[in-house]
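Shown next, in structure tokens, is the structure this report addresses.
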Amino acid sequence: MQNLHLAPDNDEDDLYIFEDAQHQDLDLDMLDQDEGFQKAVKTSYANRPPLPGALSARGLPNTAAKGAPEGTAAGNREGPARPMTAIRGAGFTSTTSQPAIVGFNEQTMAPIKDKSEETPEDAIKLLEKRINELLEESAILESRGQHKEALDKAKDAARKERILCTQRDQASFSDQINLDLTYYALFNLANQYRSNQLYSEALNAYLMIVKNKLFNNGSRLRVNMGNVYFAQKKYLQAVKMYQMALDQISDQHHKHIRAKILKNIGSALLSMGRYQDAITSFEQAMVEVPCHTSVYNLILTYFAVGDSEKMKRAYERLVKIPIGLDNDEKYALATDADAQQKLLLEVIKDDSLAKWEKEKKGTVERYILSAGKVIAPVIAPSFAVGYDWCIEKVKLSPYAHLACELEISKALTFLKNKDVTHAMDTLKIFEKKDSNMASTASNNLAFLYYHESDMNLAEKYADKSIKEDRYNPHALVNKGCCLFNKGDYKGAISHFEEALRMDATLTEALHNLGVSYKQENRYPEALEVFLKLHSLLPSSPNVFFMIADLYDSMDDIPNAMEWFLQLLSLTPTDPDVLTRLADIFERDHDMSQAFQYRYEAYKYYPSDISNISWLGAYYMESQFVEKAIIFFERATQIQPGEVRWRLMVASCHRRIGNYQLALQMYKDINEQFPENTECLKFLVHMCTDLGLKEGSEYTARLKRAERAKELRQQREHSGKRGGSESRENSGEIKGRVLSGGGGTSKNPTSNSKLPIGGVRNDTPERNRKQYNLDSGYTDPLGDTPQRPRTSARVHKQEPEDEFGDEELGEDLLPE
């Protein structure tokens, strides 16, 4: 690409300089009478017409007539030759018959260079310019966080820089090598390797600079090499590099650099556990230039060695170091400021410098607060006294506004130690202080009273916190929780939504809003809220569960199954999640998957009665009675006072043909639960079929038990009818008696629809199997499935279940 050069506006540099005397051919008054000029104006390219006798076919120059004056063609008008004017281009004609450069132009104008004639020096300059552009692009991409793209640009720049050096050597320009450009290319490449965590390549690139003696102060890059070793947790090599860099820096002119290197050495030694050496390094850094970071690290090192006195002295020094920022004065708006000044202040309040100042101020304040929280429990007999000492020191420092936050931390420490009384007393001190601290304290009090179930005081302090600071989103969340607890879901929703308008990323407000929507059965709105919360907390198991549960409530089985499976990947040993998945697969008629997840839940939580009952029933339906016995026996161990599990175990033994063991188990059950009619019915039938004399005894016991049960029911009915309770309560009790809900494991009702034993199971209906009973004999395990006859069966004329489901009347029982 040819460079364009602009001519200076100076008459002395003009190529065309004329004398003061005007030539007659330049007289404008004669142009109307100039016949040649008039013809030239009428041509298509505004040139003079060809002169007579001109040889234009081959582009040869016109031949002047013999004796004609120089510059005048034969046959043309007489007079001296006209000088070049703007009407005729300098050396250019409209036809190819004229020469490209004639007359005056041949002597004064240089020929135009072709691109193919570009000199090596021009190529070197263009390549050097391209390298600088690549380095700038690499630095910009790295500042934006695009580390991979920045590395690609850095590699390209380093490759082109090597090509540039080679071209200079070939063109004999070795003395013009740009060492600064070489240094810049290698340094940028090393930094990009480090940003991409390619530590070995970064160290090699830094080493190329350090070992090159042509680079001045290249040895200082050993600090960067030490940082790479520190990132690799090779602290010993990092300390070695830092020390070598420190030796290359003079003591007088680079105090800030020396202080930073000493701070890095102390951090590496602290990570190695060499606390005394780290203390020495940090103290030297404080002597060079006092820095908040160095003093904070020194406090942590003193804490590690347990030196409380030195912790106190270091903390006093920390709060006395000025931050060096005057944000309030700099951005203060004068009373007589005009509109332009106001606009300027609004702009600079949000610029990059203001953001940096705000970040630095926040870092220093965080150091002071964190150091106070660390040393307060160890510098005094109690943490309360330690906090009081820190608060007094902060009040006497330029950071006096942080004393209130330390008071809040003190109250929270009381709360962590379960000393709620002192925590509340500490927070109540802020009721008469400035609005921000009073709002924070009232909000914490509302939180405490809410967890103590004192809703009145919780709501009172929540209202007070909102009054002190209407734009406190946490106070709005606490107020919404109080309304939710009172059942005012609409009011709670309004407060949660207002809190989200203040802070759209407040996760507590989002979660509570979704729960409130769910409580009002507004499932789509709740699902939308929890999906937003999922974008903020992508790895929260609670959020996964709420989304899956909402899909399940909306009967969207595929999505519910998908979200529960994702939740299972986060919590693979959660038995509740496995149980919910099993329930979903069961409703989807996939019993094999339901069994798998139920069994997994049983392995992680073997005491869950609902899973044990389901697995026992599943094995019974699958005709694996022996395996069902294992689960029913497990249930008997968990609930030894529940008779139905014992009856199920005995029925399993009876079904597989082990009658003697089953009879003995029924006898044991009768001894422990003598009023259980179901067990007596089993005993009567088994003794009758086996021809045992004990059948009459158990028959008499069955009659007495049923008669006693009838008398109890009559007394309950008569007592309720003659009592002073309302008709509504009486109807409720009567319904419970008829449904069998009032029976116990020792005294079940005869027509109960509950599981064996008459005890209501609190597990969800979809997670348990129910076995209906009536006054007659019924197998607690249900009907025996039809199975093909085998040789193991001796009595082929009898059905597989010799008792069956037939009702046995009173007249058939022995007297």
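Please note that chains go A, B, ... in the order of the structure tokens, that every chain numbers its residues from 1, and that ligands are numbered from 1 in the order shown.
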
Non-local contacts of Thr301 in chain A (10 Å; only C-alpha atoms; under 4 positions in same chain excluded) as a PDB file with C-alpha atoms, in the first residue's frame:
```
ATOM      1  CA  GLY A 266       6.024 -13.667  53.478  1.00  0.00           C
ATOM      2  CA  SER A 267       2.914 -15.121  51.801  1.00  0.00           C
ATOM      3  CA  LEU A 270       3.181 -18.528  55.460  1.00  0.00           C
ATOM      4  CA  GLY A 273       4.049 -23.086  57.592  1.00  0.00           C
ATOM      5  CA  ARG A 274       7.300 -21.242  58.371  1.00  0.00           C
ATOM      6  CA  TYR A 275       5.598 -18.658  60.549  1.00  0.00           C
ATOM      7  CA  GLN A 276       8.672 -17.050  62.146  1.00  0.00           C
ATOM      8  CA  ALA A 278       7.027 -15.090  57.432  1.00  0.00           C
ATOM      9  CA  ILE A 279       6.789 -12.694  60.400  1.00  0.00           C
ATOM     10  CA  PHE A 282       6.172  -9.014  56.757  1.00  0.00           C
ATOM     11  CA  VAL A 295      -0.211  -5.715  58.238  1.00  0.00           C
ATOM     12  CA  TYR A 296      -3.283  -7.918  57.794  1.00  0.00           C
ATOM     13  CA  ASN A 297      -1.115 -10.884  56.819  1.00  0.00           C
ATOM     14  CA  VAL A 305       1.705 -18.510  66.551  1.00  0.00           C
ATOM     15  CA  GLY A 306      -0.677 -17.341  69.304  1.00  0.00           C
ATOM     16  CA  ASP A 307       1.041 -14.048  70.186  1.00  0.00           C
ATOM     17  CA  MET A 311      -1.723  -9.001  67.496  1.00  0.00           C
TER      18      MET A 311
END
```

Exercise. Using DSSP on the backbone, list every residue of range 456-568 of chain A that comes out as helix (DSSP H, G or I), and give them as a ChimeraX atom specification.
Key: /A:456-468,473-485,489-502,507-519,523-536,541-553,557-568

Exercise. Pick out the closest residue to Met686 in chain A from this set: A:His451, A:Gln672, A:Cys390, A:Leu663. Count only C-alpha atoms.
Key: A:Leu663

Quiz prompt | Near-range 379-384 of chain A list (8 Å; only C-alpha atoms; drop same-chain fewer than 3 positions) as a list in words | solution = Ser308, Glu309, Met311, Lys312, Ile375, Ala376, Tyr387, Asp388 and Lys410 of chain A

Go ahead and save the picked residues with N, CA and C atoms, as an mmCIF file, in the first residue's frame.
```
data_model
loop_
_atom_site.group_PDB
_atom_site.id
_atom_site.type_symbol
_atom_site.label_atom_id
_atom_site.label_comp_id
_atom_site.auth_asym_id
_atom_site.auth_seq_id
_atom_site.Cartn_x
_atom_site.Cartn_y
_atom_site.Cartn_z
ATOM 1 N N SER A 308 -0.763 -12.864 71.351
ATOM 2 C CA SER A 308 -1.872 -11.923 71.451
ATOM 3 C C SER A 308 -1.402 -10.478 71.567
ATOM 4 N N GLU A 309 -0.280 -10.215 72.268
ATOM 5 C CA GLU A 309 0.209 -8.849 72.432
ATOM 6 C C GLU A 309 0.631 -8.249 71.091
ATOM 7 N N MET A 311 -0.493 -9.189 68.265
ATOM 8 C CA MET A 311 -1.723 -9.001 67.496
ATOM 9 C C MET A 311 -2.348 -7.651 67.798
ATOM 10 N N LYS A 312 -2.350 -7.274 69.055
ATOM 11 C CA LYS A 312 -2.906 -5.975 69.436
ATOM 12 C C LYS A 312 -2.131 -4.833 68.798
ATOM 13 N N ILE A 375 -9.112 -11.710 65.902
ATOM 14 C CA ILE A 375 -8.341 -11.573 67.145
ATOM 15 C C ILE A 375 -9.221 -11.362 68.371
ATOM 16 N N ALA A 376 -10.483 -10.952 68.209
ATOM 17 C CA ALA A 376 -11.326 -10.647 69.374
ATOM 18 C C ALA A 376 -11.457 -11.824 70.337
ATOM 19 N N TYR A 387 -13.951 -7.924 71.568
ATOM 20 C CA TYR A 387 -14.673 -7.062 70.632
ATOM 21 C C TYR A 387 -14.717 -5.623 71.143
ATOM 22 N N ASP A 388 -14.931 -5.461 72.433
ATOM 23 C CA ASP A 388 -14.974 -4.102 72.994
ATOM 24 C C ASP A 388 -13.637 -3.387 72.793
ATOM 25 N N LYS A 410 -20.329 -8.634 66.874
ATOM 26 C CA LYS A 410 -20.347 -9.107 68.256
ATOM 27 C C LYS A 410 -21.679 -9.761 68.589
#
```

Quiz item: In terms of the shortest atom-to-atom distance over only C-alpha atoms, which of A:Asn472, A:Pro377, A:Thr579, A:Ser610 is closest to Arg598 in chain A?
Solution: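 Among the listed residues, the smallest separation from Arg598 in chain A belongs to A:Thr579.
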
Practice problem: Calculate how many Å separate CA of Lys627 in chain A from CA of Leu565 in chain A, rounding to one decimal. | Solution: 28.3 Å
